[in-house]
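Have a look at the structure below before the remarks.
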Amino acid sequence: MVEIRQARYFVAVAEELHFGRAARRLQMSQPPLSQAIKQLEHQLGCELLHRTQRSVALSHAGAVFLSHCRALIRQAEEAEAAARQAATGRGGRLSLGAVASAFSWPLPLVLERFHAALPDVEIRTQEIDTHEAARGLLDHSLDWAIVRQTAPVRGTTATSLFADRFVAALPPRHPAAEATGPLDLADLAGSPWVWLHRHISPDYHDAMATLCRAAGFSPAPAHWARSVTSQIAMVECGLGVTVVPAAASAPRPAVRFRPLRHVTATIELTAMTRSDPGALAERLTAITVQLTTERTPPPTDHHRR
């Protein structure tokens, strides 16, 4: 494998076509440079330079090799610059994951602020389930995640952002869809329910169950979802009712979101990183904490059409 040092030596000789000038350019003596080029040719098994007593010229293989050496050096320099930028939090790449509802709030504003502050950082996003976040952080496929409240995981750090209230999601034809004012959750006890598998998000599932038990009933799930987004989509299809975090109640023509009366149970949104997060992930957490401290989730519109 060609080393960066060898590539630099060869580029200097190929551009100068003179070993003495190339050595001065590299701030080294000529004999070690000549020996390094000979070793490189031996390593590659071909002649890169045609040498006479009076001249040095590129061979065909040398001309091809020169373009690749220049690219190799450029990539190495770009890698060094990217590493320095990432270390200081000014550039690099950040892989983040988030539960579906976070793409409604607060992620859009978080990313807007982050891009404004650090426009050179490349961000790659994916929707994840809460239980996937820790695994992604620990195997370095993720650098940062925004999830529903989760139990502590060794090797990760969780930062609480805000406690989100629950709202009811109803299809338009449900008897309670058009009423005004907060809804008593017990009024939905006999409705078909859209439920979430517990292994997807244990804390979110348990909060939903606690909410219903406090209202005096245990719902009989008729339909099963794998995310908040699919819960709402099933309600939109008219399959049943459910409760979702208020932050997920973005306008949909075939869903009515209703506030709940006498409900104190909440579900926390949490930012997760590795215990050694790096400057970019730390900056993203700081921006998210600042934004969620300044603002609460948008209010639920009781009569969305």
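Identifiers in this document derive from the order of the structure tokens: chains are assigned A, B, ..., residues are numbered from 1 separately in each chain, and ligands are numbered from 1 in order of occurrence.
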Write out as a count of residues only the residues lying within 10 Å of Ile267 (chain A), counting only C-alpha atoms and excluding same-chain residues fewer than 4 positions away.
16
Check the DSSP output for the backbone and give back, as a VMD selection string, the residues of region 23-159 of chain A in helix (DSSP H, G or I).
chain A and resid 23 to 26 30 to 44 60 to 88 100 to 103 107 to 117 130 to 138
Residue nearest Thr229 (chain A) among A:Thr130, A:Thr159, A:Ser29, A:Ser249 (counting only C-alpha atoms)
A:Ser249
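By only C-alpha atoms, and with residues fewer than 2 positions from Glu282 (chain A) along its chain excluded, the set lying at most 12 Å from it is Ala86, Ala87, Thr88, Gly89, Arg90, Leu94, Phe114, Asp143, Trp144, Ala145, Thr157, Ala158, Thr159, Ala271, Met272, Thr273, Arg274, Ser275, Asp276, Pro277, Gly278, Ala279, Leu280, Leu284, Thr285, Ala286, Ile287, Thr288 and Val289 of chain A.
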Written selection (N, CA and C atoms) as a CSV table (one decimal), in the first residue's frame:
chain,number,residue,atom,x,y,z
A,86,ALA,N,-13.9,18.6,13.4
A,86,ALA,CA,-14.8,17.8,14.2
A,86,ALA,C,-14.4,17.9,15.7
A,87,ALA,N,-13.1,17.9,15.9
A,87,ALA,CA,-12.6,17.9,17.3
A,87,ALA,C,-13.0,19.2,18.0
A,88,THR,N,-13.1,20.3,17.2
A,88,THR,CA,-13.4,21.6,17.7
A,88,THR,C,-14.9,21.9,17.6
A,89,GLY,N,-15.7,21.0,17.0
A,89,GLY,CA,-17.1,21.2,16.8
A,89,GLY,C,-17.5,22.1,15.7
A,90,ARG,N,-16.6,22.4,14.7
A,90,ARG,CA,-16.9,23.3,13.6
A,90,ARG,C,-17.3,22.6,12.3
A,94,LEU,N,-22.4,14.1,11.5
A,94,LEU,CA,-23.1,13.7,12.7
A,94,LEU,C,-24.3,12.8,12.3
A,114,PHE,N,-29.0,24.4,14.5
A,114,PHE,CA,-27.7,23.8,14.4
A,114,PHE,C,-27.0,24.1,13.0
A,143,ASP,N,-24.5,9.0,16.5
A,143,ASP,CA,-23.8,9.9,17.4
A,143,ASP,C,-24.7,10.6,18.4
A,144,TRP,N,-26.0,10.6,18.1
A,144,TRP,CA,-26.9,11.4,19.0
A,144,TRP,C,-28.3,10.9,18.7
A,145,ALA,N,-29.1,10.9,19.7
A,145,ALA,CA,-30.5,10.4,19.5
A,145,ALA,C,-31.4,11.2,20.4
A,157,THR,N,-25.2,8.7,27.9
A,157,THR,CA,-25.7,9.8,28.8
A,157,THR,C,-27.0,10.3,28.3
A,158,ALA,N,-28.0,10.4,29.2
A,158,ALA,CA,-29.3,10.9,28.8
A,158,ALA,C,-29.6,12.3,29.4
A,159,THR,N,-30.1,13.2,28.6
A,159,THR,CA,-30.4,14.5,29.1
A,159,THR,C,-31.9,14.8,28.9
A,271,ALA,N,-32.6,13.4,25.2
A,271,ALA,CA,-31.5,13.4,24.3
A,271,ALA,C,-30.4,12.4,24.8
A,272,MET,N,-30.0,11.5,23.9
A,272,MET,CA,-29.0,10.5,24.3
A,272,MET,C,-27.7,10.6,23.5
A,273,THR,N,-26.6,10.5,24.2
A,273,THR,CA,-25.3,10.4,23.5
A,273,THR,C,-24.5,9.3,24.1
A,274,ARG,N,-23.3,9.1,23.5
A,274,ARG,CA,-22.3,8.2,24.2
A,274,ARG,C,-21.8,9.0,25.4
A,275,SER,N,-21.2,8.3,26.4
A,275,SER,CA,-20.6,9.0,27.5
A,275,SER,C,-19.5,9.9,27.1
A,276,ASP,N,-18.8,9.6,26.0
A,276,ASP,CA,-17.8,10.5,25.4
A,276,ASP,C,-18.3,11.0,24.1
A,277,PRO,N,-19.2,11.9,24.1
A,277,PRO,CA,-20.0,12.3,22.9
A,277,PRO,C,-19.3,13.0,21.8
A,278,GLY,N,-18.2,13.7,22.1
A,278,GLY,CA,-17.6,14.5,21.0
A,278,GLY,C,-18.3,15.9,21.0
A,279,ALA,N,-17.5,16.8,20.4
A,279,ALA,CA,-18.0,18.2,20.4
A,279,ALA,C,-19.3,18.4,19.6
A,280,LEU,N,-19.4,17.8,18.5
A,280,LEU,CA,-20.6,18.0,17.7
A,280,LEU,C,-21.9,17.6,18.4
A,284,LEU,N,-25.1,19.8,19.8
A,284,LEU,CA,-26.5,19.5,19.4
A,284,LEU,C,-27.3,19.4,20.6
A,285,THR,N,-26.8,18.7,21.7
A,285,THR,CA,-27.6,18.6,22.9
A,285,THR,C,-27.8,20.0,23.5
A,286,ALA,N,-26.8,20.8,23.5
A,286,ALA,CA,-26.9,22.2,24.1
A,286,ALA,C,-28.0,23.0,23.4
A,287,ILE,N,-28.0,22.9,22.1
A,287,ILE,CA,-29.0,23.6,21.3
A,287,ILE,C,-30.4,23.1,21.6
A,288,THR,N,-30.5,21.8,21.7
A,288,THR,CA,-31.8,21.2,22.0
A,288,THR,C,-32.3,21.6,23.3
A,289,VAL,N,-31.5,21.6,24.3
A,289,VAL,CA,-31.9,21.9,25.7
A,289,VAL,C,-32.3,23.4,25.7
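From CA of Gly238 (chain A) back to CA of Arg173 (chain A), the distance works out to 7.9 Å.
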Need the shell around Gly92 (chain A): protein/DNA/RNA residues with any atom at most 10 Å away, counting only C-alpha atoms. Skip same-chain ones fewer than 4 positions apart. Format as a PyMOL selection string?
chain A and resi 79+81-88+118+120-123+280
Just to be explicit: take each residue in the selection above, keep N, CA and C atoms, and write the result as an mmCIF file, in the first residue's frame.
data_model
loop_
_atom_site.group_PDB
_atom_site.id
_atom_site.type_symbol
_atom_site.label_atom_id
_atom_site.label_comp_id
_atom_site.auth_asym_id
_atom_site.auth_seq_id
_atom_site.Cartn_x
_atom_site.Cartn_y
_atom_site.Cartn_z
ATOM 1 N N ALA A 79 -9.041 14.877 5.073
ATOM 2 C CA ALA A 79 -9.318 14.081 6.268
ATOM 3 C C ALA A 79 -8.743 14.755 7.511
ATOM 4 N N ALA A 81 -8.176 17.983 7.890
ATOM 5 C CA ALA A 81 -8.968 19.172 8.174
ATOM 6 C C ALA A 81 -10.306 18.805 8.811
ATOM 7 N N ALA A 82 -10.929 17.730 8.298
ATOM 8 C CA ALA A 82 -12.222 17.306 8.853
ATOM 9 C C ALA A 82 -12.072 16.862 10.301
ATOM 10 N N ALA A 83 -10.981 16.159 10.601
ATOM 11 C CA ALA A 83 -10.750 15.706 11.973
ATOM 12 C C ALA A 83 -10.560 16.890 12.909
ATOM 13 N N ARG A 84 -9.801 17.883 12.460
ATOM 14 C CA ARG A 84 -9.582 19.067 13.299
ATOM 15 C C ARG A 84 -10.893 19.825 13.520
ATOM 16 N N GLN A 85 -11.699 19.946 12.444
ATOM 17 C CA GLN A 85 -12.982 20.640 12.581
ATOM 18 C C GLN A 85 -13.914 19.889 13.529
ATOM 19 N N ALA A 86 -13.941 18.560 13.375
ATOM 20 C CA ALA A 86 -14.815 17.766 14.236
ATOM 21 C C ALA A 86 -14.383 17.862 15.687
ATOM 22 N N ALA A 87 -13.077 17.878 15.922
ATOM 23 C CA ALA A 87 -12.568 17.943 17.294
ATOM 24 C C ALA A 87 -12.951 19.246 17.968
ATOM 25 N N THR A 88 -13.081 20.298 17.172
ATOM 26 C CA THR A 88 -13.435 21.607 17.736
ATOM 27 C C THR A 88 -14.919 21.912 17.580
ATOM 28 N N LEU A 118 -23.549 25.884 12.510
ATOM 29 C CA LEU A 118 -22.472 25.043 11.973
ATOM 30 C C LEU A 118 -22.853 24.550 10.576
ATOM 31 N N ASP A 120 -21.192 23.793 8.012
ATOM 32 C CA ASP A 120 -20.308 22.840 7.349
ATOM 33 C C ASP A 120 -20.445 21.419 7.883
ATOM 34 N N VAL A 121 -21.280 21.222 8.882
ATOM 35 C CA VAL A 121 -21.463 19.884 9.439
ATOM 36 C C VAL A 121 -22.495 19.125 8.616
ATOM 37 N N GLU A 122 -22.137 17.923 8.185
ATOM 38 C CA GLU A 122 -23.066 17.074 7.446
ATOM 39 C C GLU A 122 -23.875 16.249 8.443
ATOM 40 N N ILE A 123 -25.187 16.310 8.333
ATOM 41 C CA ILE A 123 -26.059 15.571 9.248
ATOM 42 C C ILE A 123 -26.805 14.489 8.488
ATOM 43 N N LEU A 280 -19.447 17.760 18.497
ATOM 44 C CA LEU A 280 -20.649 18.011 17.703
ATOM 45 C C LEU A 280 -21.908 17.555 18.435
#
Between CA of Pro175 (chain A) and CA of Pro253 (chain A), distance in Å (one decimal):
16.8 Å
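The nearest approach to Gly97 (chain A) among the residues A:Ala71, A:Leu49, A:Val235, A:Ala133, with only C-alpha atoms taken into account, belongs to A:Ala133.
Taking only C-alpha atoms into account, His68 (chain A) lies nearest to A:Val11 out of the set A:Gln290, A:Val11, A:Ile146, A:Val167.
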Among the residues of region 152-289 of chain A, find those DSSP assigns to strand (DSSP E or B) from the backbone and print them as a PyMOL selection string.
chain A and resi 156-170+183+193-196+221-225+241-245+256-260+266-274
Nearest to Ser95 (chain A), restricted to only C-alpha atoms and choosing among A:Ser141, A:Thr180, A:Thr52, A:Thr150, comes out as A:Ser141
Which residues are near Gly216 (chain A)? Cut-off 12 Å, only C-alpha atoms, ignore same chain within fewer than 3 positions. Put them as number ranges by chain.
A: 184-190, 209-213, 219
